[in-house]
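The file target16.cif comes next; it holds mmCIF, C-alpha atoms.
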data_final
#
loop_
_atom_site.label_atom_id
_atom_site.label_comp_id
_atom_site.auth_asym_id
_atom_site.auth_seq_id
_atom_site.Cartn_x
_atom_site.Cartn_y
_atom_site.Cartn_z
CA MET A 230 -30.16 22.13 -31.91
CA ASN A 231 -33.80 21.12 -31.96
CA LEU A 232 -34.16 19.78 -28.46
CA HIS A 233 -37.92 19.26 -28.84
CA HIS A 234 -37.25 16.37 -31.18
CA PRO A 235 -36.73 13.40 -28.79
CA PRO A 236 -34.66 11.15 -31.10
CA LEU A 237 -32.26 14.00 -31.88
CA ARG A 238 -32.09 14.96 -28.22
CA ASP A 239 -31.27 11.40 -27.32
CA ALA A 240 -28.65 11.02 -30.05
CA LEU A 241 -26.90 14.20 -28.93
CA ALA A 242 -26.96 13.05 -25.30
CA ALA A 243 -25.48 9.69 -26.30
CA GLU A 244 -22.60 11.24 -28.23
CA TYR A 245 -22.06 13.81 -25.48
CA VAL A 246 -21.59 11.05 -22.91
CA LEU A 247 -19.46 8.95 -25.24
CA GLY A 248 -17.34 12.05 -25.90
CA THR A 249 -17.76 12.10 -29.67
CA LEU A 250 -19.81 15.31 -29.53
CA GLN A 251 -17.06 17.90 -29.76
CA GLY A 252 -16.12 21.45 -30.51
CA ALA A 253 -18.80 24.12 -30.75
CA ALA A 254 -21.60 21.53 -30.70
CA ARG A 255 -20.37 20.18 -27.36
CA ARG A 256 -20.06 23.64 -25.84
CA ARG A 257 -23.56 24.59 -27.03
CA PHE A 258 -24.94 21.34 -25.65
CA GLU A 259 -23.37 22.10 -22.26
CA THR A 260 -24.85 25.58 -22.16
CA LEU A 261 -28.31 24.13 -22.88
CA LEU A 262 -28.13 21.39 -20.24
CA PRO A 263 -28.98 23.43 -17.13
CA ALA A 264 -32.24 24.73 -18.62
CA HIS A 265 -33.50 21.47 -20.17
CA PRO A 266 -34.51 18.73 -17.71
CA ALA A 267 -35.35 16.32 -20.55
CA LEU A 268 -31.84 16.73 -21.90
CA ARG A 269 -30.34 16.08 -18.46
CA ARG A 270 -32.49 12.96 -18.11
CA ALA A 271 -31.22 11.74 -21.48
CA VAL A 272 -27.62 12.35 -20.39
CA THR A 273 -28.18 10.50 -17.11
CA GLY A 274 -29.68 7.57 -19.00
CA TRP A 275 -26.70 7.34 -21.32
CA GLU A 276 -24.24 7.65 -18.45
CA ARG A 277 -25.97 4.73 -16.77
CA ARG A 278 -25.86 2.68 -19.98
CA LEU A 279 -22.39 3.45 -21.31
CA ASN A 280 -20.48 3.64 -18.06
CA GLN A 281 -21.23 -0.01 -17.43
CA LEU A 282 -18.26 -0.35 -19.75
CA ALA A 283 -16.05 1.00 -16.96
CA VAL A 284 -15.97 -2.46 -15.33
CA ALA A 285 -13.95 -3.72 -18.29
CA SER A 286 -11.16 -1.19 -17.80
CA PRO A 287 -7.84 -2.75 -16.80
CA SER A 288 -6.82 -2.43 -13.16
CA VAL A 289 -3.58 -0.47 -12.92
CA THR A 290 -1.52 -0.11 -9.72
CA LEU A 291 -1.65 3.41 -8.37
CA PRO A 292 1.21 5.44 -6.97
CA PRO A 293 0.59 5.51 -3.18
CA GLU A 294 0.93 9.27 -3.05
CA VAL A 295 -2.41 9.61 -4.81
CA TRP A 296 -4.08 8.26 -1.68
CA HIS A 297 -1.80 10.35 0.56
CA GLY A 298 -2.69 13.47 -1.43
CA LEU A 299 -6.37 12.63 -1.31
CA GLU A 300 -6.21 12.02 2.43
CA GLN A 301 -4.42 15.30 3.02
CA ARG A 302 -6.83 17.15 0.81
CA LEU A 303 -9.98 15.79 2.44
CA PHE A 304 -8.79 15.16 6.01
CA PRO A 305 -5.72 17.37 6.46
CA VAL A 306 -5.45 17.21 10.27
CA GLU A 307 -5.92 13.44 10.41
CA ALA A 308 -3.31 12.79 7.74
CA ARG A 309 -0.76 15.00 9.44
CA ARG A 310 -1.29 13.40 12.85
CA SER A 311 -0.90 9.88 11.57
CA TRP A 312 2.33 10.90 9.87
CA TRP A 313 3.95 12.50 12.92
CA ASN A 314 2.56 9.97 15.33
CA SER A 315 4.31 7.14 13.54
CA LEU A 316 7.03 6.31 16.08
CA ALA A 317 8.63 3.95 13.61
CA LEU A 318 9.37 6.93 11.44
CA TRP A 319 11.95 8.23 13.86
CA ARG A 320 13.95 5.04 14.00
CA GLY A 321 15.67 5.45 10.68
CA LEU A 322 15.41 9.17 10.46
CA ALA A 323 18.90 10.15 11.64
CA LEU A 324 20.79 8.85 8.61
CA ALA A 325 17.88 9.24 6.25
CA SER A 326 17.26 12.88 7.05
CA VAL A 327 20.89 13.76 6.53
CA LEU A 328 20.85 12.07 3.14
CA ALA A 329 17.53 13.65 2.24
CA ALA A 330 18.81 17.08 3.25
CA VAL A 331 21.91 16.62 1.15
CA VAL A 332 19.82 15.57 -1.82
CA ALA A 333 17.25 18.31 -1.38
CA LEU A 334 19.47 21.24 -0.49
CA ALA A 335 22.75 20.74 -2.21
CA PRO A 336 22.36 18.88 -5.50
CA GLN A 337 24.83 21.24 -7.09
CA TRP A 338 27.57 19.97 -4.80
CA ILE A 339 27.08 16.43 -5.90
CA ALA A 340 29.26 15.37 -8.76
CA PRO A 341 28.56 12.03 -10.45
CA THR A 342 31.91 10.45 -9.70
CA PRO A 343 31.33 6.71 -9.53
CA ASN A 344 33.82 4.38 -7.88
CA ALA A 345 34.61 6.91 -5.16
CA GLY A 346 33.05 7.89 -1.84
CA LEU A 347 29.58 7.21 -0.51
CA SER A 348 26.95 6.24 -3.06
CA PHE A 349 23.37 6.93 -2.17
CA ALA A 350 20.04 7.54 -3.80
CA ALA A 351 16.81 9.23 -2.81
CA ILE A 352 13.60 7.79 -4.17
CA ARG A 353 11.03 10.52 -4.48
CA ASP A 354 7.36 10.58 -5.37
CA ARG A 355 5.99 12.84 -8.05
CA ASN A 356 5.61 15.63 -5.46
CA HIS A 357 9.38 15.33 -4.93
CA ASP A 358 8.92 14.11 -1.36
CA VAL A 359 11.57 11.56 -0.42
CA LEU A 360 10.02 8.14 0.17
CA TRP A 361 13.18 6.08 0.71
CA THR A 362 16.88 6.69 0.94
CA VAL A 363 19.32 4.04 -0.19
CA ALA A 364 22.98 4.15 0.87
CA MET A 365 25.57 1.67 -0.41
CA SER A 366 28.35 0.68 1.96
CA GLU A 367 31.82 -0.32 0.78
CA ASP A 368 31.01 -4.01 1.12
CA GLY A 369 28.16 -3.60 -1.36
CA ARG A 370 25.30 -3.79 1.09
CA LEU A 371 22.39 -1.42 0.66
CA HIS A 372 20.99 0.36 3.71
CA VAL A 373 17.45 1.38 2.94
CA ASN A 374 15.35 3.72 5.07
CA SER A 375 11.66 4.33 4.65
CA LEU A 376 10.64 7.93 5.27
CA ARG A 377 6.95 7.73 4.42
CA ALA A 378 4.17 5.28 5.18
CA MET A 379 3.19 3.94 1.79
CA ASN A 380 -0.29 2.60 2.52
CA VAL A 381 0.48 -0.47 0.44
CA PRO A 382 -2.43 -2.95 0.27
CA ALA A 383 -1.76 -6.01 2.45
CA ASN A 384 -1.41 -8.34 -0.54
CA GLN A 385 1.19 -6.14 -2.25
CA HIS A 386 4.70 -4.97 -1.51
CA CYS A 387 7.22 -2.51 -2.84
CA LEU A 388 10.33 -3.97 -4.46
CA LEU A 389 13.65 -2.35 -5.30
CA TRP A 390 15.19 -3.17 -8.67
CA MET A 391 18.44 -2.32 -10.40
CA LYS A 392 18.15 -1.55 -14.11
CA THR A 393 21.16 -1.21 -16.35
CA ASP A 394 21.14 -0.46 -20.05
CA ASP A 395 22.17 -3.91 -21.12
CA ARG A 396 20.01 -6.21 -19.00
CA PRO A 397 16.50 -6.53 -17.61
CA PRO A 398 15.74 -5.19 -14.11
CA MET A 399 17.32 -7.24 -11.31
CA MET A 400 15.39 -7.47 -8.06
CA LEU A 401 17.34 -6.32 -4.98
CA GLY A 402 14.69 -7.02 -2.37
CA GLU A 403 11.59 -5.77 -0.61
CA LEU A 404 11.59 -2.17 0.51
CA PRO A 405 10.79 -1.36 4.15
CA ASP A 406 7.63 0.59 4.97
CA GLN A 407 6.28 2.70 7.80
CA GLY A 408 9.59 4.34 8.73
CA ASP A 409 11.48 1.05 9.03
CA ALA A 410 15.03 0.36 7.84
CA ARG A 411 16.40 -2.70 6.05
CA THR A 412 19.70 -3.91 4.68
CA LEU A 413 19.75 -5.53 1.23
CA ALA A 414 22.60 -7.16 -0.63
CA MET A 415 23.75 -6.00 -4.02
CA PRO A 416 24.20 -9.09 -6.22
CA ALA A 417 27.85 -9.82 -6.85
CA SER A 418 27.02 -10.35 -10.51
CA MET A 419 26.16 -6.68 -10.88
CA PRO A 420 29.15 -4.83 -12.35
CA ARG A 421 29.40 -1.11 -11.66
CA PRO A 422 26.14 -0.98 -9.71
CA THR A 423 26.18 2.79 -9.37
CA GLN A 424 25.94 3.12 -13.15
CA GLY A 425 22.47 1.64 -13.05
CA VAL A 426 19.08 3.14 -12.31
CA LEU A 427 17.08 2.12 -9.26
CA TRP A 428 13.49 1.18 -9.94
CA VAL A 429 10.67 0.76 -7.46
CA SER A 430 7.64 -1.35 -8.23
CA MET A 431 4.51 -2.07 -6.24
CA GLN A 432 3.10 -5.47 -7.10
CA PRO A 433 1.29 -8.47 -5.65
CA ARG A 434 3.33 -10.52 -3.16
CA SER A 435 2.86 -13.57 -5.33
CA ASP A 436 4.37 -11.87 -8.37
CA ASP A 437 8.05 -10.98 -8.44
CA ALA A 438 8.22 -10.56 -12.19
CA PRO A 439 10.25 -7.55 -13.35
CA PRO A 440 8.03 -4.51 -13.80
CA ALA A 441 7.24 -3.31 -17.28
CA GLN A 442 7.15 0.21 -15.94
CA PRO A 443 8.60 1.32 -12.61
CA LEU A 444 6.46 3.25 -10.17
CA TYR A 445 9.49 5.41 -9.34
CA ARG A 446 13.02 5.55 -10.60
CA THR A 447 16.15 7.33 -9.50
CA ARG A 448 19.88 7.47 -10.14
CA TRP A 449 22.73 7.07 -7.71
CA GLN A 450 24.46 10.11 -6.34
CA THR A 451 28.02 9.97 -5.05
CA LEU A 452 29.57 12.06 -2.31
CA MET B 215 -23.47 -3.03 14.83
CA ASN B 216 -21.25 -1.02 12.64
CA ALA B 217 -17.95 -2.89 12.18
CA VAL B 218 -16.03 0.35 12.11
CA SER B 219 -16.70 1.10 15.76
CA ILE B 220 -14.63 -1.86 16.97
CA LEU B 221 -11.53 -0.87 15.07
CA PRO B 222 -8.61 0.89 16.73
CA PRO B 223 -8.49 4.63 16.16
CA MET B 224 -6.81 5.71 12.95
CA GLN B 225 -4.25 7.94 14.62
CA ALA B 226 -2.94 5.31 17.04
CA THR B 227 0.75 4.65 16.67
CA GLY B 228 2.82 1.61 15.77
CA TRP B 229 2.74 -1.11 13.21
CA PHE B 230 -0.12 -3.00 14.82
CA THR B 231 -2.62 -0.32 14.01
CA ILE B 232 -1.48 -0.10 10.42
CA SER B 233 -1.69 -3.85 10.03
CA ALA B 234 -5.13 -3.92 11.59
CA ARG B 235 -6.30 -1.28 9.14
CA ALA B 236 -4.81 -3.17 6.22
CA LEU B 237 -6.42 -6.37 7.40
CA PHE B 238 -9.72 -4.61 7.78
CA ILE B 239 -9.51 -3.37 4.23
CA MET B 240 -8.55 -6.76 2.89
CA ALA B 241 -11.12 -8.65 4.91
CA SER B 242 -13.88 -6.24 4.06
CA SER B 243 -16.49 -8.00 2.05
CA ASP B 244 -18.65 -4.93 1.91
CA SER B 245 -20.07 -4.20 -1.46
CA LEU B 246 -19.21 -0.94 -3.15
CA ALA B 247 -22.82 0.13 -2.58
CA ASP B 248 -22.48 -0.47 1.17
CA LEU B 249 -19.22 1.44 1.23
CA LEU B 250 -20.76 4.35 -0.66
CA ALA B 251 -23.66 4.40 1.80
CA ARG B 252 -21.20 4.57 4.70
CA CYS B 253 -19.20 7.30 2.94
CA ALA B 254 -22.42 9.30 2.89
CA LEU B 255 -22.29 9.05 6.71
CA ASN B 256 -18.71 10.43 6.72
CA ASP B 257 -17.16 7.02 7.43
CA ARG B 258 -13.51 7.50 6.43
CA ARG B 259 -12.64 3.84 6.80
CA ALA B 260 -15.33 3.02 4.28
CA PHE B 261 -13.89 5.65 1.96
CA GLU B 262 -10.42 4.09 2.21
CA ALA B 263 -11.85 0.65 1.50
CA LEU B 264 -13.85 2.07 -1.42
CA TYR B 265 -10.68 3.63 -2.79
CA GLN B 266 -8.69 0.40 -2.42
CA GLN B 267 -11.34 -1.56 -4.26
CA ALA B 268 -12.33 0.84 -7.02
CA ALA B 269 -9.35 3.12 -7.66
CA PRO B 270 -7.15 0.72 -9.71
CA LYS B 271 -9.92 0.14 -12.25
CA LEU B 272 -10.89 3.81 -12.42
CA TYR B 273 -7.19 4.70 -12.81
CA GLY B 274 -7.02 2.20 -15.68
CA LEU B 275 -10.05 3.89 -17.26
CA LEU B 276 -8.43 7.33 -16.92
CA LEU B 277 -5.04 6.14 -18.18
CA GLY B 278 -6.68 4.68 -21.27
CA ILE B 279 -8.11 8.11 -22.10
CA THR B 280 -5.26 10.37 -21.03
CA ARG B 281 -2.21 8.08 -21.55
CA ASP B 282 -0.58 10.31 -18.96
CA ARG B 283 0.07 8.90 -15.49
CA GLU B 284 0.33 12.27 -13.78
CA LEU B 285 -2.81 13.66 -15.36
CA ALA B 286 -4.70 10.42 -14.73
CA ALA B 287 -3.64 10.49 -11.06
CA ASP B 288 -4.75 14.12 -10.74
CA LEU B 289 -8.11 13.33 -12.31
CA LEU B 290 -8.54 10.27 -10.11
CA GLN B 291 -7.84 12.35 -7.01
CA GLU B 292 -10.33 14.98 -8.14
CA GLY B 293 -12.85 12.24 -8.94
CA PHE B 294 -12.54 10.69 -5.49
CA VAL B 295 -12.98 14.10 -3.85
CA ARG B 296 -16.29 14.34 -5.70
CA ILE B 297 -17.20 10.75 -4.88
CA TRP B 298 -16.66 11.51 -1.17
CA GLN B 299 -18.60 14.75 -1.37
CA ARG B 300 -21.47 13.30 -3.40
CA ALA B 301 -21.71 9.81 -1.94
CA SER B 302 -25.14 10.63 -0.56
CA ASP B 303 -26.34 11.29 -4.15
CA TYR B 304 -25.76 7.69 -5.21
CA ARG B 305 -28.95 5.76 -5.93
CA PRO B 306 -29.14 2.24 -7.35
CA HIS B 307 -31.26 3.43 -10.29
CA LEU B 308 -28.20 5.42 -11.46
CA GLY B 309 -26.44 2.12 -12.14
CA GLN B 310 -23.94 -0.06 -10.34
CA PRO B 311 -21.59 1.82 -7.99
CA LEU B 312 -18.66 1.40 -10.37
CA THR B 313 -20.84 2.75 -13.20
CA TRP B 314 -21.68 5.79 -11.09
CA MET B 315 -18.05 6.37 -10.08
CA GLY B 316 -16.94 5.75 -13.67
CA THR B 317 -19.36 8.47 -14.78
CA ILE B 318 -17.73 10.95 -12.40
CA VAL B 319 -14.12 10.27 -13.33
CA ARG B 320 -14.67 9.72 -17.05
CA ARG B 321 -16.57 12.99 -17.35
CA LEU B 322 -13.56 14.77 -15.84
CA ALA B 323 -11.23 13.11 -18.34
CA ILE B 324 -13.40 13.85 -21.38
CA ASP B 325 -13.97 17.44 -20.27
CA ARG B 326 -10.24 17.90 -19.89
CA SER B 327 -9.36 16.35 -23.22
CA ARG B 328 -12.07 18.23 -25.11
CA ARG B 329 -10.79 21.53 -23.75
CA GLY B 330 -7.37 20.90 -25.24
CA ASP B 331 -6.18 19.12 -28.32
CA GLN B 332 -7.16 15.56 -27.61
CA ARG B 333 -4.83 14.27 -30.27
CA ARG B 334 -1.96 15.30 -27.99
CA ARG B 335 -1.48 12.10 -26.10
CA GLY B 336 0.30 11.69 -22.82
CA GLU B 337 3.67 10.14 -22.18
CA LEU B 338 2.54 6.54 -22.58
CA GLY B 339 2.92 5.18 -26.07
CA GLU B 340 0.88 2.27 -27.36
CA GLU B 341 3.54 -0.20 -26.26
CA ASP B 342 3.85 1.28 -22.76
CA TRP B 343 0.08 1.23 -22.40
CA ALA B 344 -0.13 -2.37 -23.56
CA MET B 345 2.44 -3.35 -20.91
CA LEU B 346 0.75 -1.39 -18.14
CA ALA B 347 -2.63 -2.85 -18.96
CA ASP B 348 -1.13 -6.22 -19.64
CA GLU B 349 -3.97 -8.38 -18.55
CA GLY B 350 -4.07 -10.17 -21.85
CA PRO B 351 -7.63 -9.75 -22.94
CA GLY B 352 -8.88 -6.52 -24.42
CA PRO B 353 -11.96 -4.68 -23.19
CA GLU B 354 -14.35 -6.97 -25.05
CA GLU B 355 -13.10 -10.09 -23.32
CA ARG B 356 -12.82 -8.38 -19.96
CA LEU B 357 -16.36 -7.13 -20.36
CA HIS B 358 -17.51 -10.62 -21.13
CA ASN B 359 -15.73 -11.98 -18.08
CA GLU B 360 -17.00 -9.25 -15.77
CA GLN B 361 -20.54 -8.99 -17.03
CA SER B 362 -21.30 -12.24 -18.75
CA GLU B 363 -24.81 -12.27 -17.34
CA THR B 364 -25.76 -8.72 -18.14
CA GLY B 365 -27.71 -7.30 -21.01
CA LEU B 366 -24.94 -4.94 -22.01
CA THR B 367 -22.60 -7.73 -23.08
CA ARG B 368 -25.37 -9.48 -24.98
CA CYS B 369 -26.35 -6.23 -26.71
CA LEU B 370 -22.78 -5.35 -27.66
CA GLU B 371 -22.56 -8.71 -29.38
CA THR B 372 -25.40 -7.72 -31.68
CA ILE B 373 -23.26 -4.90 -33.09
CA ASP B 374 -20.90 -5.72 -35.94
CA PRO B 375 -17.21 -5.91 -34.96
CA GLU B 376 -15.97 -2.77 -36.69
CA PRO B 377 -18.72 -0.42 -35.43
CA ARG B 378 -18.31 -1.97 -31.97
CA ARG B 379 -14.58 -1.29 -32.14
CA ALA B 380 -15.35 2.34 -33.01
CA VAL B 381 -17.56 2.65 -29.91
CA PHE B 382 -14.88 1.06 -27.74
CA LEU B 383 -12.20 3.42 -29.09
CA ALA B 384 -14.44 6.36 -28.23
CA TYR B 385 -15.23 5.02 -24.76
CA TYR B 386 -11.94 3.52 -23.59
CA GLU B 387 -9.52 5.84 -25.37
CA GLY B 388 -11.65 8.98 -25.51
CA LEU B 389 -11.08 9.33 -29.26
CA THR B 390 -13.16 11.62 -31.47
CA HIS B 391 -14.74 10.59 -34.78
CA ASP B 392 -11.88 11.84 -36.93
CA VAL B 393 -9.19 10.11 -34.87
CA ILE B 394 -11.19 6.87 -34.90
CA ALA B 395 -11.52 7.19 -38.68
CA GLN B 396 -7.74 7.53 -38.97
CA ARG B 397 -7.15 4.63 -36.60
CA LEU B 398 -9.53 2.30 -38.44
CA ASP B 399 -8.63 3.71 -41.85
CA ARG B 400 -12.27 4.34 -42.71
CA PRO B 401 -14.06 7.46 -44.03
CA LEU B 402 -15.19 9.92 -41.37
CA GLY B 403 -18.83 9.67 -42.47
CA THR B 404 -18.75 5.90 -42.12
CA VAL B 405 -17.38 6.11 -38.58
CA LYS B 406 -19.98 8.72 -37.58
CA ALA B 407 -22.78 6.51 -38.92
CA TRP B 408 -21.33 3.43 -37.17
CA VAL B 409 -21.22 5.19 -33.81
CA ARG B 410 -24.70 6.71 -34.16
CA ARG B 411 -26.33 3.43 -35.23
CA SER B 412 -24.44 1.40 -32.65
CA LEU B 413 -25.68 3.63 -29.86
CA GLN B 414 -29.26 3.44 -31.16
CA ARG B 415 -29.04 -0.33 -31.40
CA LEU B 416 -27.60 -0.55 -27.92
CA LYS B 417 -30.45 1.41 -26.43
CA ILE B 418 -33.10 -0.56 -28.26
CA CYS B 419 -31.47 -3.84 -27.30
CA LEU B 420 -31.34 -2.79 -23.67
CA GLY B 421 -35.12 -2.53 -23.86
CA GLU B 422 -35.53 1.19 -24.15
CA SER B 423 -37.17 2.66 -27.22
CA ILE B 424 -35.91 5.94 -28.54
#
So, in terms of structure tokens, how does the structure I just supplied come out?
Amino acid sequence: MNLHHPPLRDALAAEYVLGTLQGAARRRFETLLPAHPALRRAVTGWERRLNQLAVASPSVTLPPEVWHGLEQRLFPVEARRSWWNSLALWRGLALASVLAAVVALAPQWIAPTPNAGLSFAAIRDRNHDVLWTVAMSEDGRLHVNSLRAMNVPANQHCLLWMKTDDRPPMMLGELPDQGDARTLAMPASMPRPTQGVLWVSMQPRSDDAPPAQPLYRTRWQTL
Amino acid sequence: MNAVSILPPMQATGWFTISARALFIMASSDSLADLLARCALNDRRAFEALYQQAAPKLYGLLLGITRDRELAADLLQEGFVRIWQRASDYRPHLGQPLTWMGTIVRRLAIDRSRRGDQRRRGELGEEDWAMLADEGPGPEERLHNEQSETGLTRCLETIDPEPRRAVFLAYYEGLTHDVIAQRLDRPLGTVKAWVRRSLQRLKICLGESI
């Protein structure tokens, strides 16, 4: 690489920032960067120019645990205190913790035997922490407990959906947050509800359209 | 007076505090530059507001490159750790705040993909991605809507459609020359020349001679 030739230096910096400089050429470029201020200036200039394109990226809803993880990583004591200090957490914890313990500790005892016993589901984040538990009573009502504060933006909410193979997701209602509990009704039109998959979406309050992709999904378990 | 000082403490209990925090975030009209400046002073509320405002777009940028929600979330988290740690490095001459933050997270994504086989895409197929990013317009139209007054949009319009598409595929999807050539069904040499000339033209148009 002839880095004393400004046009070549600039062209390499441009393709480095764009990402089209690859393989051995990219690695060599990176080893030269620390010792060549002019090269670093060229890279900075191209980052400033090309990354204006970032504003045209689509906005995509984030899983709330990304913020939780970030908070715990940067401010571990603060995040832990706000979690344990949430009095609302304890309100629904008795039933929820039993269900969560069953799900977490004894999955091998749980046989998928629909139409019998207590049906419940645990909705977990990608770290496998339980966010909500859902228990279905015999009359078809769903008792939902929130175990984690979700840090949902004020203009959004988390919705619970039922998805079966043969029909689009059907909305069951808004999920509780901040340790609260809520009872939702299973639509009478839903045959064999425990055969379906529960979906969770986070979306603007003004938009109750079925999600294209769920934020979380889980299957029913039966005791 | 700093607005943060009148807010209830973060660790206070009960729903009221949470709602107050959410309202603060929603009502905040602070610019990203203001929020970054306050992050440099270790203002965690500003950091949360910055995250709420900027993270969805940066996540969209990372998802476009990785097509893998878990990897994109990991990279976003790593990016925001760096944003928090380096907030005091931000200067307006480095570009708009979102440009600066985009530089941090996109560099992580490109570094990651160039270390492995970037043709191995994540779990999101083209259809899944189209649904997730279902805002109708593609990047060109979004760019026009977001930056209709800026030189970048005007300069991109001076580039022919196919070379411009090659640049967009490299930027928004993190594709290399050979993958772009396959995608556009054009010879590799043609795609390389398109990208090189487009970048030169962009710089000249933006008023900077090479």
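Here atom CA of Pro382 of chain A is placed at a distance of 18.0 Å from atom CA of Trp361 of chain A.
Taking all atoms listed in the file into account, Lys417 of chain B lies nearest to A:Ala271 out of the set A:Ala271, A:Asn380, A:Pro439, A:Leu261.
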Quick one: which chain A residues come within 7 Å of chain B, and what is the nearest atom pair for each with the distance in Å to one decimal, counting all atoms listed in the file, rows ordered by chain and ascending number, as a Markdown table?
| residue | atom | partner | partner_atom | distance |
| --- | --- | --- | --- | --- |
| A:Pro236 | CA | B:Ile424 | CA | 5.9 |
| A:Leu247 | CA | B:Tyr385 | CA | 5.8 |
| A:Gly248 | CA | B:Ile324 | CA | 6.3 |
| A:Thr249 | CA | B:Thr390 | CA | 5.0 |
| A:Gln251 | CA | B:Arg328 | CA | 6.8 |
| A:Glu276 | CA | B:Thr317 | CA | 6.2 |
| A:Arg277 | CA | B:Gly309 | CA | 5.3 |
| A:Asn280 | CA | B:Thr313 | CA | 5.0 |
| A:Gln281 | CA | B:Thr313 | CA | 5.1 |
| A:Ala283 | CA | B:Gly316 | CA | 5.8 |
| A:Val284 | CA | B:Leu312 | CA | 6.8 |
| A:Ala285 | CA | B:Leu357 | CA | 4.7 |
| A:Ser286 | CA | B:Leu275 | CA | 5.2 |
| A:Pro287 | CA | B:Gly274 | CA | 5.1 |
| A:Ser288 | CA | B:Lys271 | CA | 4.1 |
| A:Val289 | CA | B:Pro270 | CA | 4.9 |
| A:Thr290 | CA | B:Pro270 | CA | 5.7 |
| A:Leu291 | CA | B:Pro270 | CA | 6.3 |
| A:Val295 | CA | B:Ala287 | CA | 6.4 |
| A:Leu299 | CA | B:Gln291 | CA | 5.9 |
| A:Arg310 | CA | B:Gln225 | CA | 6.5 |
| A:Ser311 | CA | B:Gln225 | CA | 4.9 |
| A:Asn314 | CA | B:Thr227 | CA | 5.8 |
| A:Ser315 | CA | B:Thr227 | CA | 5.4 |
| A:Leu316 | CA | B:Gly228 | CA | 6.3 |
| A:Ala317 | CA | B:Gly228 | CA | 6.6 |
| A:Pro382 | CA | B:Ala236 | CA | 6.4 |
| A:Ala383 | CA | B:Ala236 | CA | 5.6 |
| A:Ala441 | CA | B:Met345 | CA | 6.0 |
| A:Gln442 | CA | B:Leu346 | CA | 7.0 |
Looking at A:Ala264, A:Pro440, A:Gly274, A:Leu427, which one is nearest to Ala240 of chain A, with distances taken over all atoms listed in the file?
-> A:Gly274
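Here atom CA of Arg446 of chain A stands at a distance of 17.8 Å from atom CA of Val381 of chain A.
With atom CA of Val246 of chain A on one side and atom CA of Gln267 of chain B on the other, the separation reads 24.7 Å.
When only C-alpha atoms are used to measure the gap to Thr412 of chain A, the shortest distance among A:Ala267, A:Leu389, A:Leu262, A:Leu452 belongs to A:Leu389.
Checking B:Leu289, B:Leu249, B:Cys419, B:Leu255 one by one against Glu371 of chain B, counting only C-alpha atoms, you find the shortest gap at B:Cys419.
By only C-alpha atoms, and with residues fewer than 3 positions from segment 393-408 of chain A along its chain excluded, the set lying at most 6 Å from it is Ala317, Leu318, Ser375, Leu376, Ala378, Cys387, Leu388, Leu389, Trp390 and Gly425 of chain A.
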Judged by only C-alpha atoms, the minimum distance to Asp437 of chain A among A:Ser418, A:Thr451, A:Gln301, A:Gln385 is found for A:Gln385
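Taking only C-alpha atoms into account, Met365 of chain A lies nearest to A:Met415 out of the set A:Met415, A:Met431, A:Ala242, A:Val426.
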How big is the axis-aligned box around the listed atoms of segment 258-268 of chain B once 5 Å is added on each side, and where is its centre? Give both in Å to one decimal, as lines of an AutoDock Vina configuration file.
center_x = -12.0
center_y = 3.0
center_z = -0.1
size_x = 16.6
size_y = 19.1
size_z = 23.8
Can you give me, as a PyMOL selection string, the residues this file yields under the PyMOL selection byres ((chain A and resi 433) around 6)?
-> chain A and resi 384-385+432+434-436
